[in-house]
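**Student:** This is structure_0.pdb (PDB, C-alpha atoms).
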ATOM      1  CA  MET A   1      99.739 102.600  92.984  1.00  0.00           C
ATOM      2  CA  SER A   2      99.018  99.022  93.915  1.00  0.00           C
ATOM      3  CA  THR A   3      96.074  98.602  96.260  1.00  0.00           C
ATOM      4  CA  LYS A   4      97.780  95.783  98.213  1.00  0.00           C
ATOM      5  CA  LYS A   5     101.343  94.959  99.224  1.00  0.00           C
ATOM      6  CA  PHE A   6     102.810  92.100 101.214  1.00  0.00           C
ATOM      7  CA  ALA A   7     104.388  92.926 104.582  1.00  0.00           C
ATOM      8  CA  ARG A   8     107.681  91.359 103.447  1.00  0.00           C
ATOM      9  CA  GLU A   9     107.995  93.965 100.693  1.00  0.00           C
ATOM     10  CA  SER A  10     108.626  96.634 103.327  1.00  0.00           C
ATOM     11  CA  ALA A  11     111.364  94.729 105.186  1.00  0.00           C
ATOM     12  CA  VAL A  12     114.570  96.678 105.837  1.00  0.00           C
ATOM     13  CA  ILE A  13     117.800  95.683 107.572  1.00  0.00           C
ATOM     14  CA  MET A  14     120.257  98.416 108.580  1.00  0.00           C
ATOM     15  CA  THR A  15     123.630  97.820 110.220  1.00  0.00           C
ATOM     16  CA  GLU A  16     125.727 100.344 112.148  1.00  0.00           C
ATOM     17  CA  MET A  17     128.896 100.123 114.225  1.00  0.00           C
ATOM     18  CA  VAL A  18     129.019 101.961 117.558  1.00  0.00           C
ATOM     19  CA  LEU A  19     131.891 104.434 117.276  1.00  0.00           C
ATOM     20  CA  PRO A  20     133.357 106.706 119.978  1.00  0.00           C
ATOM     21  CA  ASN A  21     131.294 109.705 118.807  1.00  0.00           C
ATOM     22  CA  ASP A  22     128.086 107.644 119.321  1.00  0.00           C
ATOM     23  CA  THR A  23     128.730 106.869 122.992  1.00  0.00           C
ATOM     24  CA  ASN A  24     128.085 108.352 126.410  1.00  0.00           C
ATOM     25  CA  THR A  25     130.656 108.622 129.224  1.00  0.00           C
ATOM     26  CA  LEU A  26     130.144 104.911 130.020  1.00  0.00           C
ATOM     27  CA  ASN A  27     131.186 103.967 126.455  1.00  0.00           C
ATOM     28  CA  ASN A  28     127.650 102.803 125.639  1.00  0.00           C
ATOM     29  CA  LEU A  29     125.546 103.890 122.680  1.00  0.00           C
ATOM     30  CA  MET A  30     123.605 107.059 123.486  1.00  0.00           C
ATOM     31  CA  GLY A  31     119.849 106.513 123.591  1.00  0.00           C
ATOM     32  CA  GLY A  32     119.182 109.418 121.254  1.00  0.00           C
ATOM     33  CA  LYS A  33     121.493 107.957 118.613  1.00  0.00           C
ATOM     34  CA  LEU A  34     119.694 104.608 118.826  1.00  0.00           C
ATOM     35  CA  MET A  35     116.298 106.326 118.506  1.00  0.00           C
ATOM     36  CA  HIS A  36     117.614 108.191 115.448  1.00  0.00           C
ATOM     37  CA  TRP A  37     118.699 104.923 113.816  1.00  0.00           C
ATOM     38  CA  MET A  38     115.337 103.321 114.697  1.00  0.00           C
ATOM     39  CA  ASP A  39     113.493 106.269 113.138  1.00  0.00           C
ATOM     40  CA  VAL A  40     115.581 106.028 109.952  1.00  0.00           C
ATOM     41  CA  VAL A  41     115.131 102.270 109.443  1.00  0.00           C
ATOM     42  CA  ALA A  42     111.402 102.479 110.207  1.00  0.00           C
ATOM     43  CA  ALA A  43     110.943 105.440 107.832  1.00  0.00           C
ATOM     44  CA  ILE A  44     112.601 103.475 105.025  1.00  0.00           C
ATOM     45  CA  ALA A  45     110.230 100.540 105.636  1.00  0.00           C
ATOM     46  CA  ALA A  46     107.249 102.928 105.618  1.00  0.00           C
ATOM     47  CA  GLN A  47     108.446 104.545 102.390  1.00  0.00           C
ATOM     48  CA  LYS A  48     108.866 101.140 100.755  1.00  0.00           C
ATOM     49  CA  HIS A  49     105.267 100.263 101.645  1.00  0.00           C
ATOM     50  CA  SER A  50     103.696 103.584 100.717  1.00  0.00           C
ATOM     51  CA  ASN A  51     105.971 104.661  97.835  1.00  0.00           C
ATOM     52  CA  SER A  52     105.674 108.077  99.402  1.00  0.00           C
ATOM     53  CA  ILE A  53     107.415 110.571 101.640  1.00  0.00           C
ATOM     54  CA  VAL A  54     106.584 109.725 105.259  1.00  0.00           C
ATOM     55  CA  VAL A  55     106.675 111.596 108.553  1.00  0.00           C
ATOM     56  CA  THR A  56     106.982 110.119 112.025  1.00  0.00           C
ATOM     57  CA  ALA A  57     103.705 110.336 113.947  1.00  0.00           C
ATOM     58  CA  SER A  58     104.630 108.406 117.100  1.00  0.00           C
ATOM     59  CA  ALA A  59     107.162 106.109 118.715  1.00  0.00           C
ATOM     60  CA  ASP A  60     105.892 103.633 121.268  1.00  0.00           C
ATOM     61  CA  ASN A  61     107.635 102.665 124.478  1.00  0.00           C
ATOM     62  CA  ILE A  62     111.387 102.326 123.931  1.00  0.00           C
ATOM     63  CA  SER A  63     112.922 100.941 127.109  1.00  0.00           C
ATOM     64  CA  PHE A  64     116.673 100.757 127.557  1.00  0.00           C
ATOM     65  CA  GLN A  65     117.252  97.431 129.282  1.00  0.00           C
ATOM     66  CA  GLU A  66     120.455  96.291 127.579  1.00  0.00           C
ATOM     67  CA  PRO A  67     123.344  98.687 126.972  1.00  0.00           C
ATOM     68  CA  ILE A  68     125.012  98.598 123.570  1.00  0.00           C
ATOM     69  CA  ALA A  69     128.764  98.944 123.932  1.00  0.00           C
ATOM     70  CA  LEU A  70     131.399 100.813 121.963  1.00  0.00           C
ATOM     71  CA  GLY A  71     132.501  98.621 119.054  1.00  0.00           C
ATOM     72  CA  ASN A  72     129.285  96.582 118.925  1.00  0.00           C
ATOM     73  CA  VAL A  73     127.617  96.058 115.566  1.00  0.00           C
ATOM     74  CA  VAL A  74     123.969  97.113 115.766  1.00  0.00           C
ATOM     75  CA  THR A  75     121.433  95.505 113.425  1.00  0.00           C
ATOM     76  CA  LEU A  76     118.048  97.167 113.082  1.00  0.00           C
ATOM     77  CA  LYS A  77     115.232  95.291 111.338  1.00  0.00           C
ATOM     78  CA  ALA A  78     112.007  97.061 110.422  1.00  0.00           C
ATOM     79  CA  GLN A  79     108.798  96.015 108.684  1.00  0.00           C
ATOM     80  CA  VAL A  80     105.347  97.514 108.288  1.00  0.00           C
ATOM     81  CA  THR A  81     102.846  95.574 110.405  1.00  0.00           C
ATOM     82  CA  ARG A  82      99.614  97.241 109.276  1.00  0.00           C
ATOM     83  CA  ALA A  83      98.469 100.026 106.977  1.00  0.00           C
ATOM     84  CA  PHE A  84      95.449 102.203 107.634  1.00  0.00           C
ATOM     85  CA  ASN A  85      94.257 105.056 105.352  1.00  0.00           C
ATOM     86  CA  SER A  86      97.419 107.167 105.323  1.00  0.00           C
ATOM     87  CA  SER A  87      99.207 105.891 108.425  1.00  0.00           C
ATOM     88  CA  MET A  88     101.118 102.705 109.005  1.00  0.00           C
ATOM     89  CA  GLU A  89     102.634 100.942 111.996  1.00  0.00           C
ATOM     90  CA  VAL A  90     106.240  99.724 111.731  1.00  0.00           C
ATOM     91  CA  PHE A  91     107.850  97.146 114.031  1.00  0.00           C
ATOM     92  CA  ILE A  92     111.556  97.583 114.773  1.00  0.00           C
ATOM     93  CA  GLU A  93     113.822  95.016 116.400  1.00  0.00           C
ATOM     94  CA  VAL A  94     117.377  95.880 117.428  1.00  0.00           C
ATOM     95  CA  THR A  95     120.219  93.473 118.127  1.00  0.00           C
ATOM     96  CA  ALA A  96     123.760  94.222 119.277  1.00  0.00           C
ATOM     97  CA  GLU A  97     126.660  91.989 118.418  1.00  0.00           C
ATOM     98  CA  ASP A  98     130.096  91.826 119.974  1.00  0.00           C
ATOM     99  CA  ILE A  99     131.796  90.104 117.033  1.00  0.00           C
ATOM    100  CA  PRO A 100     135.162  89.308 118.717  1.00  0.00           C
ATOM    101  CA  ALA A 101     133.310  87.696 121.671  1.00  0.00           C
ATOM    102  CA  ASN A 102     130.839  85.948 119.326  1.00  0.00           C
ATOM    103  CA  LYS A 103     127.957  87.344 121.434  1.00  0.00           C
ATOM    104  CA  LYS A 104     124.679  88.641 120.010  1.00  0.00           C
ATOM    105  CA  VAL A 105     121.744  89.968 122.053  1.00  0.00           C
ATOM    106  CA  MET A 106     118.319  91.393 121.196  1.00  0.00           C
ATOM    107  CA  THR A 107     118.320  94.799 122.891  1.00  0.00           C
ATOM    108  CA  HIS A 108     115.221  96.744 121.843  1.00  0.00           C
ATOM    109  CA  ARG A 109     111.817  96.390 120.202  1.00  0.00           C
ATOM    110  CA  ALA A 110     109.377  99.144 119.385  1.00  0.00           C
ATOM    111  CA  PHE A 111     106.476 100.179 117.171  1.00  0.00           C
ATOM    112  CA  PHE A 112     106.617 103.498 115.317  1.00  0.00           C
ATOM    113  CA  THR A 113     103.764 105.086 113.372  1.00  0.00           C
ATOM    114  CA  PHE A 114     104.275 106.998 110.129  1.00  0.00           C
ATOM    115  CA  VAL A 115     101.970 109.012 107.894  1.00  0.00           C
ATOM    116  CA  ALA A 116     102.426 109.131 104.140  1.00  0.00           C
ATOM    117  CA  VAL A 117     102.232 112.662 102.739  1.00  0.00           C
ATOM    118  CA  ASN A 118     101.919 114.100  99.251  1.00  0.00           C
ATOM    119  CA  GLU A 119     103.828 117.008  97.684  1.00  0.00           C
ATOM    120  CA  ASN A 120     101.614 119.451  99.651  1.00  0.00           C
ATOM    121  CA  ASN A 121     102.409 117.698 102.969  1.00  0.00           C
ATOM    122  CA  LYS A 122      98.844 116.376 103.172  1.00  0.00           C
ATOM    123  CA  PRO A 123      98.133 112.760 104.161  1.00  0.00           C
ATOM    124  CA  SER A 124      97.893 110.449 101.164  1.00  0.00           C
ATOM    125  CA  ARG A 125      96.270 107.042 100.775  1.00  0.00           C
ATOM    126  CA  ILE A 126      98.516 104.009 100.991  1.00  0.00           C
ATOM    127  CA  PRO A 127      98.220 100.377  99.891  1.00  0.00           C
ATOM    128  CA  GLU A 128      96.556  97.815 102.112  1.00  0.00           C
ATOM    129  CA  LEU A 129      99.021  95.488 103.869  1.00  0.00           C
ATOM    130  CA  VAL A 130      98.777  91.717 103.447  1.00  0.00           C
ATOM    131  CA  PRO A 131     100.448  89.642 106.208  1.00  0.00           C
ATOM    132  CA  GLU A 132     101.610  86.118 105.344  1.00  0.00           C
ATOM    133  CA  THR A 133     103.630  84.508 108.162  1.00  0.00           C
ATOM    134  CA  PRO A 134     102.235  83.696 111.636  1.00  0.00           C
ATOM    135  CA  GLU A 135     104.333  86.538 113.144  1.00  0.00           C
ATOM    136  CA  GLU A 136     103.116  89.017 110.498  1.00  0.00           C
ATOM    137  CA  ILE A 137      99.509  87.962 111.128  1.00  0.00           C
ATOM    138  CA  GLU A 138      99.930  88.342 114.912  1.00  0.00           C
ATOM    139  CA  ASN A 139     101.452  91.830 114.517  1.00  0.00           C
ATOM    140  CA  PHE A 140      98.739  92.774 112.013  1.00  0.00           C
ATOM    141  CA  GLN A 141      95.957  91.680 114.380  1.00  0.00           C
ATOM    142  CA  GLY A 142      97.474  93.521 117.355  1.00  0.00           C
ATOM    143  CA  ALA A 143      98.067  96.725 115.393  1.00  0.00           C
ATOM    144  CA  LEU A 144      94.469  97.942 115.651  1.00  0.00           C
ATOM    145  CA  ARG A 145      94.534  97.614 119.462  1.00  0.00           C
ATOM    146  CA  ARG A 146      97.883  99.427 119.635  1.00  0.00           C
ATOM    147  CA  ARG A 147      96.535 102.149 117.333  1.00  0.00           C
ATOM    148  CA  GLN A 148      93.433 102.655 119.466  1.00  0.00           C
ATOM    149  CA  LEU A 149      95.569 102.811 122.628  1.00  0.00           C
ATOM    150  CA  ARG A 150      97.807 105.472 121.018  1.00  0.00           C
ATOM    151  CA  LEU A 151      94.744 107.497 119.988  1.00  0.00           C
ATOM    152  CA  VAL A 152      93.161 107.252 123.449  1.00  0.00           C
ATOM    153  CA  LEU A 153      96.406 108.289 125.168  1.00  0.00           C
ATOM    154  CA  ALA A 154      96.758 111.219 122.751  1.00  0.00           C
ATOM    155  CA  LYS A 155      93.140 112.194 123.531  1.00  0.00           C
ATOM    156  CA  ARG A 156      92.225 111.770 119.859  1.00  0.00           C
ATOM    157  CA  MET A 157      89.764 108.959 120.629  1.00  0.00           C
ATOM    158  CA  LYS A 158      87.336 108.534 123.496  1.00  0.00           C
ATOM    159  CA  PRO A 159      88.053 105.421 125.586  1.00  0.00           C
ATOM    160  CA  GLU A 160      84.473 104.246 125.102  1.00  0.00           C
ATOM    161  CA  ASP A 161      85.021 104.275 121.311  1.00  0.00           C
ATOM    162  CA  ALA A 162      88.084 101.997 121.514  1.00  0.00           C
ATOM    163  CA  VAL A 163      86.184  98.804 120.685  1.00  0.00           C
ATOM    164  CA  GLU A 164      89.312  96.665 120.249  1.00  0.00           C
ATOM    165  CA  LEU A 165      90.624  97.686 123.675  1.00  0.00           C
ATOM    166  CA  LYS A 166      87.279  96.938 125.326  1.00  0.00           C
ATOM    167  CA  SER A 167      87.396  93.402 123.975  1.00  0.00           C
ATOM    168  CA  ILE A 168      90.725  92.752 125.733  1.00  0.00           C
ATOM    169  CA  PHE A 169      89.356  93.746 129.101  1.00  0.00           C
ATOM    170  CA  ASN A 170      85.831  92.376 128.550  1.00  0.00           C
ATOM    171  CA  LEU A 171      84.325  95.807 129.170  1.00  0.00           C
ATOM    172  CA  ASP A 172      81.210  95.246 127.082  1.00  0.00           C
TER
END
As structure tokens, how would this structure be written, given the file I've shared?
**Tutor:**
Amino acid sequence: MSTKKFARESAVIMTEMVLPNDTNTLNNLMGGKLMHWMDVVAAIAAQKHSNSIVVTASADNISFQEPIALGNVVTLKAQVTRAFNSSMEVFIEVTAEDIPANKKVMTHRAFFTFVAVNENNKPSRIPELVPETPEEIENFQGALRRRQLRLVLAKRMKPEDAVELKSIFNLD
């Protein structure tokens, strides 16, 4: 296993069309179906980075501000933003396109966390992530703060130990 991988190596693009079986009574994509697609595309990105089986550890705030209509083409882009020991954060961006109307809109963004596991379902070490572009560097730098916030909210880290969060609020 390589000890380092570039963020771009984990990039995944998945495209789906919203069909009648995917919609609610308002003919919009059901939220659960979208979350399923987001989980799939993010898991593929995490697998590409870790070369391992991965399991979903968390999904950050997914707010439904823009409906995605029946017949829209949904494009989901995912890429690992940072790798820790066995876990990695994946950024997902979703766009919906009404092709006949020539209209495309960004509908959702979220961060998911995955853990790489071995054949015994135990966490396994993963390669370090190397960001290259300004956006990759920004996501990489913010990932530690987001990770500490997740751990504090899950009561797996004491707030006073979240050094990166303290620096945001000047709590030192």
**Student:** Evaluate the PyMOL selection byres ((chain A and resi 48-65) around 8) on the structure here and hand back the selected residues as a PyMOL selection string.
**Tutor:** chain A and resi 5+7+9-10+31+39+43-47+66-67+80+107-118+126-127
**Student:** Just checking: using all atoms listed in the file, which residue out of A:Leu165, A:Ala96, A:Leu144, A:Val18 ends up closest to Leu76 in chain A?
**Tutor:** A:Ala96
**Student:** Quick check, in Å to one decimal: how far apart do CA of Asp161 in chain A and CA of Glu135 in chain A lie?
**Tutor:** 27.5 Å
**Student:** Could you expand the PyMOL selection byres ((chain A and resi 141) around 12) into the explicit residues it covers here, written as a list of chain:residue names?
**Tutor:**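 When the PyMOL selection byres ((chain A and resi 141) around 12) is applied to the shown file, the picked residues are A:Thr81, A:Arg82, A:Ala83, A:Glu89, A:Leu129, A:Val130, A:Pro131, A:Pro134, A:Glu135, A:Glu136, A:Ile137, A:Glu138, A:Asn139, A:Phe140, A:Gly142, A:Ala143, A:Leu144, A:Arg145, A:Arg146, A:Arg147, A:Glu164.
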**Student:** Identify the residues within 10 Å of coordinate (130.9, 105.3, 120.9) (same frame as the file), considering only C-alpha atoms, and give the answer as a list in words.
**Tutor:**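 Residues lying no farther than 10 Å from the given point: Met17, Val18, Leu19, Pro20, Asn21, Asp22, Thr23, Asn24, Thr25, Leu26, Asn27, Asn28, Leu29, Met30, Ile68, Ala69, Leu70, Gly71 and Asn72 of chain A.
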**Student:** How far is it from CA of Ala154 in chain A to CA of Asn121 in chain A, in Å with one decimal?
**Tutor:**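 Computing it gives 21.6 Å between the two atoms.
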**Student:** Listed atoms of range 114-133 of chain A, axis-aligned box, 8 Å per side: centre and edge lengths to one decimal in Å, as lines of an AutoDock Vina configuration file?
**Tutor:**
center_x = 100.3
center_y = 102.0
center_z = 103.9
size_x = 24.0
size_y = 50.9
size_z = 28.4
**Student:** So which residues touch Met38 in chain A within 7 Å, counting only C-alpha atoms, skipping near sequence neighbours fewer than 4 positions away, as a list of chain:residue names?
**Tutor:**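 The residues satisfying every condition are A:Leu34, A:Ala42, A:Leu76, A:Ile92.
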**Student:** From the list A:Ala11, A:Thr75, A:Ala162, A:Glu119, which residue is nearest Arg150 in chain A when using only C-alpha atoms?
**Tutor:**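 Selected residue with least distance to Arg150 in chain A: A:Ala162.
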**Student:** As an exercise, work out the distance from CA of Val40 in chain A to CA of Lys4 in chain A in Å and give it to one decimal place.
**Tutor:**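 CA of Lys4 in chain A lies at a distance of 23.7 Å from CA of Val40 in chain A.
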